[in-house]
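**Q** My questions will all concern the structure given below.
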Amino acid sequence: MANLAQMAGQLDPRVQQAQQQYAHVLKRVLDEKEKAIDEKLREMETMDEDDFERLREKRKAAMVKAQQQRQKNLLNGHGRYMELSDQKEFFDACKASKMVVVHFYRGTTWRCQVVDKHLERLSQEHLETRFVKIDAEKSPFLVERLHIIMLPSIVCVKDGKTEHTIIGFDEMGGSDEFPTETLAYVLSKHKVLHYDGPEPEEADEEGNIAPDGVNKIDMRRGNAIREGANEAAAESDDELEEFMDGFVEEAVEDEGA
């Protein structure tokens with residue numbers, strides 16, 4: 001019977017590399033946790049009774065504030081993955097919540113259903129973020145102004161500004177089978193979600209996941225998206241235009257050019 005060393009030598013080099021990467025990530029996470037605990041213990045050793053009392057009051061105030069924010073978020077639609085019916089609901093959502101994840105989808109694009117599955121789960125686990133979806137074919141105004149040309153597209157909005165658009169699955173590694181945690185990690189990189197789990201095994205030293213596929217549908221192949229008969233989406237209301245110009249930085253630059 002072959003010993004363990006011989007069996008290890010027979011492993012696929014890709015498996016060995018994946019194991020080494022996982023071990024490296026795990027060691028880094030554990031080292032960071034241990035360092036944080038050591039620092040907290042040293043801090044506690046120098047504290048007196050008054051310091052502990054102030055710490056308790058500070059934590060109590062933080063808990064009250066967190067609970068108030070949680071209730072506010074729930075009233076604003078956090079905790080649920082909802083579909084927005086028109087552009088007004090989109091603007092209202094982006095103004096009411098600090099962090100918003102917007103999935104532009106099309107019913108006939110099956111990879112949009114993959115995104116739906118992940119965002120449904122994340123909406124329940126991350127109450128700090130609002131998760132919504134918009135039918136791209138029924139929202140030509142938003143699609144045009146946000147430069148949505150491929151599906152699925154996930155727009156990351158923070159403080160009423162577009163931080164980034166995730167196009168397809170490239171940033172999650174290019175596979176249709178990426179775990180929900182990988183999407184949570186990517187969203188946290190764009191500052192629209194708080195993620196405290198480990199980095200994905202595929203992440204490089206800079207935290208990026210190299211794509212090995214292109215999983216998105218180019219909307220420019222057809223003009224159906226431009227032909228939606230949604231007159232409300234084409235309105236140029238002054239208040240709407242003013243908000244949109246402030247919302248999309250690219251639009252401001254285009255108008256100033």
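Every chain in the structure tokens takes a letter, A first, then B, and so on in the order presented; its residues are numbered from 1, and the ligands are numbered from 1 following the presented order.
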Would you pick out the contacts of segment 93-109 of chain A at 6 Å or less, using only C-alpha atoms, so that residues sharing its chain but fewer than 3 positions from it are not included, and give the list as a list in words?
**A**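 Answer for this query is Phe90, Cys112, Thr129, Arg130, Phe131, Val132, Lys133, Ile134, Asp135, Ala136, Pro152, Ser153, Ile154, Val155, Cys156, Val157, Lys158, Asp159, Gly160 and Val192 of chain A.
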**Q** Can you list, as a PyMOL selection string, every protein, DNA or RNA residue that comes within 10 Å of Asn208 of chain A when you count only C-alpha atoms, leaving out same-chain residues fewer than 5 positions away?
**A** chain A and resi 171-173+185-186+189+199-200+202-203
**Q** Using DSSP on the backbone, list every residue of segment 4-213 of chain A that comes out as strand (DSSP E), and give them as a PyMOL selection string.
**A** chain A and resi 81-83+99-105+130-135+150-151+153-158+161-167
**Q** Go ahead and save the picked residues with C-alpha atoms, as a PDB file, in the first residue's frame.
**A**
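Wrote part.pdb, looks like this:
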```
ATOM      1  CA  TYR A  81     -34.885  40.834  -2.623  1.00  0.00           C
ATOM      2  CA  MET A  82     -37.455  42.965  -4.452  1.00  0.00           C
ATOM      3  CA  GLU A  83     -38.205  43.937  -8.019  1.00  0.00           C
ATOM      4  CA  MET A  99     -25.667  50.778   0.061  1.00  0.00           C
ATOM      5  CA  VAL A 100     -27.752  49.336  -2.781  1.00  0.00           C
ATOM      6  CA  VAL A 101     -27.106  46.391  -5.109  1.00  0.00           C
ATOM      7  CA  VAL A 102     -29.156  46.606  -8.321  1.00  0.00           C
ATOM      8  CA  HIS A 103     -29.464  43.624 -10.665  1.00  0.00           C
ATOM      9  CA  PHE A 104     -30.428  44.551 -14.226  1.00  0.00           C
ATOM     10  CA  TYR A 105     -31.889  41.373 -15.677  1.00  0.00           C
ATOM     11  CA  ARG A 130     -30.625  46.887  -0.077  1.00  0.00           C
ATOM     12  CA  PHE A 131     -30.927  44.283  -2.862  1.00  0.00           C
ATOM     13  CA  VAL A 132     -33.226  44.981  -5.816  1.00  0.00           C
ATOM     14  CA  LYS A 133     -33.727  43.924  -9.440  1.00  0.00           C
ATOM     15  CA  ILE A 134     -34.931  45.786 -12.531  1.00  0.00           C
ATOM     16  CA  ASP A 135     -36.160  44.398 -15.845  1.00  0.00           C
ATOM     17  CA  MET A 150     -24.562  43.348 -21.197  1.00  0.00           C
ATOM     18  CA  LEU A 151     -26.501  40.995 -18.937  1.00  0.00           C
ATOM     19  CA  SER A 153     -25.198  43.468 -14.810  1.00  0.00           C
ATOM     20  CA  ILE A 154     -25.033  44.283 -11.098  1.00  0.00           C
ATOM     21  CA  VAL A 155     -24.793  47.995 -10.320  1.00  0.00           C
ATOM     22  CA  CYS A 156     -23.181  48.847  -6.976  1.00  0.00           C
ATOM     23  CA  VAL A 157     -24.557  52.086  -5.497  1.00  0.00           C
ATOM     24  CA  LYS A 158     -23.137  53.776  -2.404  1.00  0.00           C
ATOM     25  CA  LYS A 161     -23.366  57.224  -6.518  1.00  0.00           C
ATOM     26  CA  THR A 162     -22.542  54.319  -8.789  1.00  0.00           C
ATOM     27  CA  GLU A 163     -19.350  52.743  -7.438  1.00  0.00           C
ATOM     28  CA  HIS A 164     -19.018  50.005 -10.024  1.00  0.00           C
ATOM     29  CA  THR A 165     -20.901  47.675 -12.380  1.00  0.00           C
ATOM     30  CA  ILE A 166     -20.220  43.931 -12.230  1.00  0.00           C
ATOM     31  CA  ILE A 167     -20.744  42.586 -15.755  1.00  0.00           C
TER      32      ILE A 167
END
```
**Q** To one decimal in Å, tell me the separation between atom CA of Asp204 of chain A and atom CA of Gly168 of chain A.
**A**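 That distance, rounded to one decimal, is 19.7 Å.
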**Q** So that I can see what lies close to Gly79 of chain A, please list as a PyMOL selection string the residues with an atom at most 6 Å from it, counting only C-alpha atoms and leaving out residues fewer than 5 positions away in the same chain.
**A** chain A and resi 123-124+127
**Q** Hey, which of A:Glu43, A:Asp50, A:Asp116, A:Asp196 ends up closest to Val29 of chain A? Count only C-alpha atoms.
**A**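 The shortest atom-to-atom distance to Val29 of chain A comes from A:Asp196.
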